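Student: Just target.txt, nothing more (compact mmCIF, C-alpha atoms):
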```
# COMPACT_ATOMS: atom_id res chain seq x y z
CA MET M 1 -149.47 87.94 42.16
CA LEU M 2 -146.57 85.65 42.95
CA ILE M 3 -146.17 82.71 45.29
CA ASN M 4 -143.54 83.37 47.94
CA TYR M 5 -143.19 82.10 51.48
CA GLY M 6 -145.45 84.30 53.61
CA SER M 7 -147.17 85.96 50.63
CA THR M 8 -150.92 86.43 50.43
CA MET M 9 -151.48 83.66 47.89
CA TYR M 10 -149.21 81.30 49.81
CA PHE M 11 -151.56 81.57 52.78
CA VAL M 12 -154.70 81.55 50.62
CA TYR M 13 -153.80 78.18 49.14
CA LEU M 14 -152.58 76.78 52.47
CA LEU M 15 -155.55 77.91 54.55
CA SER M 16 -158.02 76.87 51.85
CA SER M 17 -156.64 73.32 51.87
CA VAL M 18 -156.66 73.00 55.66
CA GLY M 19 -159.97 74.84 55.94
CA VAL M 20 -161.79 72.49 53.56
CA CYS M 21 -160.51 69.51 55.55
CA PHE M 22 -161.85 70.82 58.85
CA LEU M 23 -165.07 72.04 57.25
CA LEU M 24 -165.72 68.50 56.01
CA TYR M 25 -164.89 67.20 59.47
CA PHE M 26 -167.49 69.41 61.14
CA LEU M 27 -170.08 68.57 58.48
CA LEU M 28 -169.50 64.82 58.76
CA LYS M 29 -168.55 64.16 62.38
CA ASN M 30 -172.14 63.40 63.45
CA GLN M 31 -173.13 61.58 60.26
CA LEU M 32 -173.43 57.83 59.70
CA VAL M 33 -170.23 55.87 59.23
CA TRP M 34 -171.11 54.77 55.69
CA LEU M 35 -171.51 58.41 54.63
CA LYS M 36 -168.14 59.35 56.13
CA LYS M 37 -166.48 56.47 54.30
CA MET M 38 -168.21 57.36 51.06
CA VAL M 39 -167.03 60.99 51.18
CA VAL M 40 -163.43 60.00 51.93
CA PHE M 41 -163.45 57.41 49.15
CA LEU M 42 -164.94 59.87 46.65
CA LEU M 43 -162.26 62.45 47.46
CA ALA M 44 -159.53 59.85 46.89
CA LEU M 45 -161.25 58.64 43.71
CA ILE M 46 -161.53 62.18 42.32
CA ASN M 47 -157.83 62.66 42.98
CA PHE M 48 -157.03 59.35 41.30
CA ALA M 49 -159.11 60.36 38.26
CA GLN M 50 -157.55 63.81 37.90
CA HIS M 51 -154.09 62.22 38.06
CA VAL M 52 -154.75 59.49 35.51
CA LEU M 53 -156.75 61.76 33.19
CA LYS M 54 -154.71 64.95 33.57
CA ALA M 55 -153.91 64.94 29.83
CA LYS M 56 -157.64 65.38 29.16
CA ILE M 57 -158.48 67.66 32.08
CA TYR M 58 -155.73 70.28 32.25
CA PRO M 59 -155.19 72.53 29.22
CA GLN M 60 -151.42 72.88 29.76
CA TYR M 61 -150.99 69.18 28.87
CA ARG M 62 -153.19 68.92 25.80
CA ASN M 63 -150.38 69.50 23.31
CA ASN M 64 -147.46 68.63 25.57
CA PHE M 65 -148.06 65.51 27.62
CA SER M 66 -145.71 62.74 28.68
CA PRO M 67 -147.14 59.40 29.91
CA HIS M 68 -144.99 59.48 33.04
CA LEU M 69 -147.15 62.31 34.41
CA SER M 70 -149.99 59.86 35.03
CA SER M 71 -147.76 57.21 36.62
CA ALA M 72 -146.33 56.71 40.12
CA TYR M 73 -143.37 58.93 39.23
CA ASN M 74 -143.01 60.56 42.65
CA ILE M 75 -144.16 60.10 46.24
CA CYS M 76 -147.43 62.02 46.03
CA ALA M 77 -148.32 60.47 42.67
CA PHE M 78 -147.78 57.00 44.15
CA LEU M 79 -149.99 57.80 47.14
CA ILE M 80 -152.71 59.30 44.95
CA LEU M 81 -152.80 56.13 42.83
CA ILE M 82 -153.01 53.67 45.72
CA SER M 83 -155.28 55.64 48.08
CA PRO M 84 -158.70 54.56 46.70
CA PHE M 85 -157.65 50.90 46.76
CA VAL M 86 -156.21 51.13 50.27
CA ILE M 87 -159.43 52.77 51.48
CA LEU M 88 -161.51 49.96 49.99
CA PHE M 89 -159.33 46.90 50.47
CA GLY M 90 -156.33 47.81 52.65
CA GLY M 91 -155.65 46.49 56.12
CA GLN M 92 -154.87 48.67 59.11
CA LEU M 93 -151.14 48.82 58.34
CA LEU M 94 -151.65 50.20 54.83
CA LYS M 95 -154.32 52.61 56.06
CA ASN M 96 -151.94 53.82 58.77
CA PHE M 97 -149.26 54.27 56.11
CA VAL M 98 -151.46 56.29 53.75
CA SER M 99 -152.87 58.39 56.58
CA CYS M 100 -149.44 59.32 57.93
CA VAL M 101 -147.43 59.68 54.74
CA GLY M 102 -150.33 61.04 52.67
CA SER M 103 -151.17 63.68 55.26
CA PHE M 104 -147.61 64.92 55.53
CA GLY M 105 -146.87 64.47 51.83
CA GLY M 106 -149.89 66.50 50.77
CA LEU M 107 -149.60 69.20 53.41
CA GLY M 108 -145.80 69.28 53.21
CA ALA M 109 -145.89 70.08 49.49
CA ILE M 110 -148.35 72.91 50.17
CA LEU M 111 -146.20 74.24 53.03
CA ILE M 112 -143.00 74.10 50.95
CA PRO M 113 -144.02 74.63 47.30
CA TYR M 114 -140.43 75.30 46.20
CA TRP M 115 -141.28 74.41 42.58
CA PHE M 116 -143.46 77.55 42.35
CA ILE M 117 -141.66 80.07 44.56
CA GLY M 118 -141.32 83.36 42.69
CA LYS M 119 -143.80 82.28 40.02
CA THR M 120 -147.34 83.41 39.29
CA ALA M 121 -150.06 82.18 41.64
CA PHE M 122 -152.52 81.90 38.77
CA SER M 123 -151.80 79.21 36.21
CA TRP M 124 -153.30 75.84 35.40
CA GLU M 125 -150.18 74.07 36.67
CA VAL M 126 -150.46 75.87 40.01
CA TYR M 127 -154.16 75.00 40.24
CA ARG M 128 -153.39 71.33 39.47
CA PHE M 129 -150.62 71.26 42.07
CA TYR M 130 -152.80 72.59 44.86
CA ILE M 131 -155.86 70.53 43.89
CA CYS M 132 -154.02 67.20 43.91
CA HIS M 133 -152.03 67.88 47.09
CA ALA M 134 -155.03 69.29 48.94
CA LEU M 135 -157.09 66.24 48.00
CA LEU M 136 -154.25 63.94 49.05
CA PHE M 137 -153.97 65.68 52.42
CA ILE M 138 -157.73 65.73 53.04
CA SER M 139 -158.41 62.12 51.98
CA SER M 140 -155.49 60.95 54.16
CA PHE M 141 -156.10 63.05 57.28
CA LEU M 142 -159.90 63.17 57.34
CA PRO M 143 -160.34 59.44 58.13
CA VAL M 144 -158.25 59.92 61.27
CA LEU M 145 -160.22 63.01 62.31
CA LEU M 146 -163.48 61.16 61.74
CA GLY M 147 -162.31 58.05 63.57
CA LEU M 148 -162.82 55.79 60.55
CA HIS M 149 -159.66 53.98 61.49
CA LYS M 150 -157.20 54.52 64.28
CA LEU M 151 -153.45 54.82 64.14
CA GLU M 152 -151.99 51.89 66.04
CA TRP M 153 -148.79 51.86 68.08
CA LYS M 154 -147.82 48.41 66.82
CA HIS M 155 -147.52 49.72 63.25
CA CYS M 156 -145.34 52.75 64.02
CA TRP M 157 -142.00 51.06 63.36
CA LYS M 158 -143.26 49.59 60.08
CA ILE M 159 -144.23 52.87 58.38
CA GLY M 160 -140.64 53.86 57.65
CA LEU M 161 -139.94 50.46 56.08
CA LEU M 162 -143.00 50.80 53.85
CA PHE M 163 -141.78 54.27 52.91
CA PHE M 164 -138.52 52.83 51.60
CA GLY M 165 -140.46 50.16 49.74
CA MET M 166 -142.47 52.94 48.12
CA LEU M 167 -139.27 54.77 47.09
CA PHE M 168 -137.96 51.57 45.49
CA ILE M 169 -141.19 51.11 43.50
CA ILE M 170 -141.02 54.73 42.33
CA LEU M 171 -137.43 54.28 41.13
CA VAL M 172 -138.38 51.11 39.28
CA ASN M 173 -141.38 52.89 37.73
CA ASP M 174 -139.19 55.77 36.55
CA ALA M 175 -136.44 53.46 35.31
CA VAL M 176 -138.90 51.45 33.20
CA LEU M 177 -140.45 54.59 31.72
CA ILE M 178 -137.01 56.04 30.91
CA HIS M 179 -135.94 52.77 29.28
CA PHE M 180 -138.97 52.81 26.96
CA GLY M 181 -138.65 56.52 26.18
CA LEU M 182 -141.81 57.47 28.08
CA TYR M 183 -140.09 59.81 30.54
CA PRO M 184 -138.19 62.68 28.89
CA VAL M 185 -134.81 63.39 30.50
CA LYS M 186 -131.95 65.72 29.57
CA ASN M 187 -129.16 63.53 30.91
CA SER M 188 -129.42 60.27 28.97
CA GLU M 189 -125.82 59.06 29.20
CA SER M 190 -126.90 56.31 31.61
CA LEU M 191 -129.96 55.17 33.53
CA PHE M 192 -128.28 56.18 36.80
CA ALA M 193 -127.62 59.67 35.44
CA SER M 194 -131.22 59.99 34.27
CA LEU M 195 -132.60 58.93 37.65
CA SER M 196 -130.19 61.34 39.36
CA GLU M 197 -131.56 64.13 37.21
CA LEU M 198 -135.14 63.27 38.20
CA ASN M 199 -134.25 62.50 41.84
CA PRO M 200 -137.73 61.35 42.96
CA GLY M 201 -138.24 61.87 46.67
CA TRP M 202 -134.60 63.04 46.84
CA SER M 203 -133.77 59.34 46.81
CA MET M 204 -130.70 59.76 44.57
CA HIS M 205 -129.02 62.74 46.22
CA PRO M 206 -129.78 65.94 48.19
CA ILE M 207 -131.11 68.98 46.37
CA THR M 208 -129.31 72.31 46.42
CA GLN M 209 -132.17 74.15 48.17
CA PHE M 210 -131.70 71.91 51.21
CA ASP M 211 -128.05 70.88 50.96
CA TRP M 212 -127.59 72.01 54.58
CA LEU M 213 -129.42 68.82 55.55
CA VAL M 214 -126.40 66.79 54.46
CA ASP M 215 -124.51 67.95 57.57
CA ILE M 216 -127.30 66.61 59.77
CA ILE M 217 -127.66 63.40 57.79
CA ALA M 218 -123.89 62.83 57.97
CA ILE M 219 -124.16 62.49 61.75
CA PHE M 220 -126.14 59.27 61.31
CA THR M 221 -124.96 57.96 57.94
CA PRO M 222 -121.69 56.18 57.04
CA SER M 223 -119.64 58.39 54.71
CA PHE M 224 -119.54 55.54 52.17
CA PHE M 225 -123.21 56.25 51.43
CA LEU M 226 -122.53 60.01 51.14
CA SER M 227 -120.33 59.89 48.02
CA ASN M 228 -117.16 58.83 49.88
CA ASN M 229 -116.92 55.71 47.76
CA PRO M 230 -115.07 54.55 44.63
CA TRP M 231 -117.81 55.94 42.38
CA GLY M 232 -118.07 59.35 44.08
CA VAL M 233 -121.89 59.22 44.17
CA TYR M 234 -124.60 59.17 46.80
CA ILE M 235 -125.95 55.66 47.23
CA PRO M 236 -129.66 55.76 46.28
CA ILE M 237 -132.05 55.69 49.25
CA LEU M 238 -129.31 54.51 51.63
CA TRP M 239 -127.71 57.98 51.72
CA TYR M 240 -130.52 59.23 53.97
CA ALA M 241 -132.17 55.97 55.08
CA ILE M 242 -131.04 55.93 58.73
CA PRO M 243 -132.02 59.49 59.79
CA LEU M 244 -135.13 59.38 57.62
CA TYR M 245 -136.29 56.13 59.21
CA LEU M 246 -135.69 57.54 62.69
CA GLY M 247 -137.50 60.76 61.81
CA ILE M 248 -140.48 58.97 60.26
CA THR M 249 -140.79 56.60 63.22
CA LEU M 250 -140.65 59.38 65.82
CA LEU M 251 -143.14 61.43 63.80
CA VAL M 252 -145.55 58.52 63.48
CA TYR M 253 -145.36 57.90 67.23
CA ALA M 254 -146.20 61.58 67.78
CA ILE M 255 -149.14 61.34 65.37
CA CYS M 256 -150.41 58.24 67.15
CA LYS M 257 -150.24 60.05 70.47
CA PHE M 258 -152.14 63.02 69.00
CA SER M 259 -154.71 60.67 67.47
CA LYS M 260 -155.20 58.89 70.79
CA ALA M 261 -155.67 62.21 72.62
CA LEU M 262 -158.15 63.29 69.94
CA ARG M 263 -160.23 60.13 70.40
CA LYS M 264 -160.32 60.61 74.17
CA SER M 265 -161.52 64.21 73.78
CA LYS M 266 -164.59 63.16 71.79
```
Output the file's structure in the form of C-alpha cells.

Tutor:
Amino acid sequence: MLINYGSTMYFVYLLSSVGVCFLLYFLLKNQLVWLKKMVVFLLALINFAQHVLKAKIYPQYRNNFSPHLSSAYNICAFLILISPFVILFGGQLLKNFVSCVGSFGGLGAILIPYWFIGKTAFSWEVYRFYICHALLFISSFLPVLLGLHKLEWKHCWKIGLLFFGMLFIILVNDAVLIHFGLYPVKNSESLFASLSELNPGWSMHPITQFDWLVDIIAIFTPSFFLSNNPWGVYIPILWYAIPLYLGITLLVYAICKFSKALRKSK
C-alpha cells in the first residue's frame, strides 16, 4: 500500500496520531496535575530519546547513519530536542512557543507528508517519521488540552520572532555540521550552496511543490529579498519573513482564542 493524499494509510496514520492525543486527554483530564505533567514529560522524553538514539533504534540507520540526523537539523528536530527541557524549566513564553509551533509542526508534517507521497506505507523510515511527529504533536498539544499551561495573549506577537530565532539556530547548526563534514551534501561548491540544497524550513528558498506560494509572498515582500538582487538569490529567512510572521501571529491569536473558549467550556 502506498501513501497518497486521501489514501487509506494516509488517514490511518493521521487519525491514529490525533486519536491517541484525544484518548490520552480523556484518560487524564480528571487525574491529578502531577500525573498529567509526568505523562506529557515522558512523551517528550521518549521522543527526545528516539531522536538522539535513532542510530541504535532504527534498523535503516545501522549501517548508514550521519550524525546530523540526531541534531537540530530541521524545525521538528529542534522542537523535539528542546521540548523536555522547556516542559521542565521553561517559562510561559517558551511553553507557548512549543505548544503552538510543536502542535502545528507535528500535525502539519502528518497532514502534508510530501516526502513519502507515492511511496510504500510500510517501512522503518515511514514508521520513524510518524512516531516522532505524532509524539511532537501530542506532547505539544496535550498540555493545552489538559490546562497544564494556558496560551497567553501577551505572548502572541513574540512567537513569530522566536520562530525566526529557531530558523537561525538551525542554519547555524547545519552550517557547522557541513563545515566539519558531518552533514553529507551533494552541492559542496560553497556553504551557501550546501545550505540551499538542504533548505531547512524552506528558509533558503521556496520548494518546487509549493512554488505558487511565491506569488502570495511577493505581495508582502520587497523584490530584493526574492532574488531581484545583484546575486540573483533568495535572501535566507528574509524572503518569507514578513508574510510568515503575519501568518504565525494571526494563527497564534486564533489558537489563544480557541484555548480560552476551551477553558470556559470545562

Student: Which stretch 47-130 of chain M residues have any atom within 7 Å of an atom of stretch 167-186 of chain M, and for each, what is the nearest pair of atoms with distance in Å to one decimal, counting only C-alpha atoms, rows sorted by chain and number, as a tab-separated table?

Tutor:
```
residue	atom	partner	partner_atom	distance
M:Ser66	CA	M:Leu182	CA	6.6
M:Pro67	CA	M:Leu182	CA	6.0
M:His68	CA	M:Tyr183	CA	5.5
M:Ala72	CA	M:Ile170	CA	6.1
M:Tyr73	CA	M:Ile170	CA	5.7
M:Asn74	CA	M:Ile170	CA	6.2
```

Student: Give me the residues within 10 Å of M:Leu251 as an mmCIF file with C-alpha atoms, in the frame of the given file, counting only C-alpha atoms and dropping any in the same chain fewer than 6 places off.

Tutor:
```
data_model
loop_
_atom_site.group_PDB
_atom_site.id
_atom_site.type_symbol
_atom_site.label_atom_id
_atom_site.label_comp_id
_atom_site.auth_asym_id
_atom_site.auth_seq_id
_atom_site.Cartn_x
_atom_site.Cartn_y
_atom_site.Cartn_z
ATOM 1 C CA CYS M 100 -149.440 59.320 57.930
ATOM 2 C CA CYS M 156 -145.340 52.750 64.020
ATOM 3 C CA TYR M 245 -136.290 56.130 59.210
ATOM 4 C CA LYS M 257 -150.240 60.050 70.470
#
```

Student: Using all atoms listed in the file, find the one residue out of M:Pro84, M:Leu238, M:Lys56, M:Leu107 that sits nearest to M:Leu15.

Tutor: M:Leu107

Student: To one decimal in Å, tell me the separation between atom CA of M:Val12 and atom CA of M:Ile255.

Tutor: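 About the pair atom CA of M:Val12 and atom CA of M:Ile255: they are 25.6 Å apart.
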
Student: Nearest to M:Ser103: which of M:Leu28, M:Gln209, M:Tyr61, M:Val252 is it, counting all atoms listed in the file?

Tutor: M:Val252

Student: Within 6 Å of M:Phe137, counting all atoms listed in the file, which residues qualify if same-chain residues fewer than 3 places away don't, as a PyMOL selection string?

Tutor: chain M and resi 102-103+106-107+134+140-141

Student: Using only C-alpha atoms, which residue out of M:Leu79, M:Leu53, M:Leu145, M:Ile131 lies closest to M:Leu27?

Tutor: M:Leu145
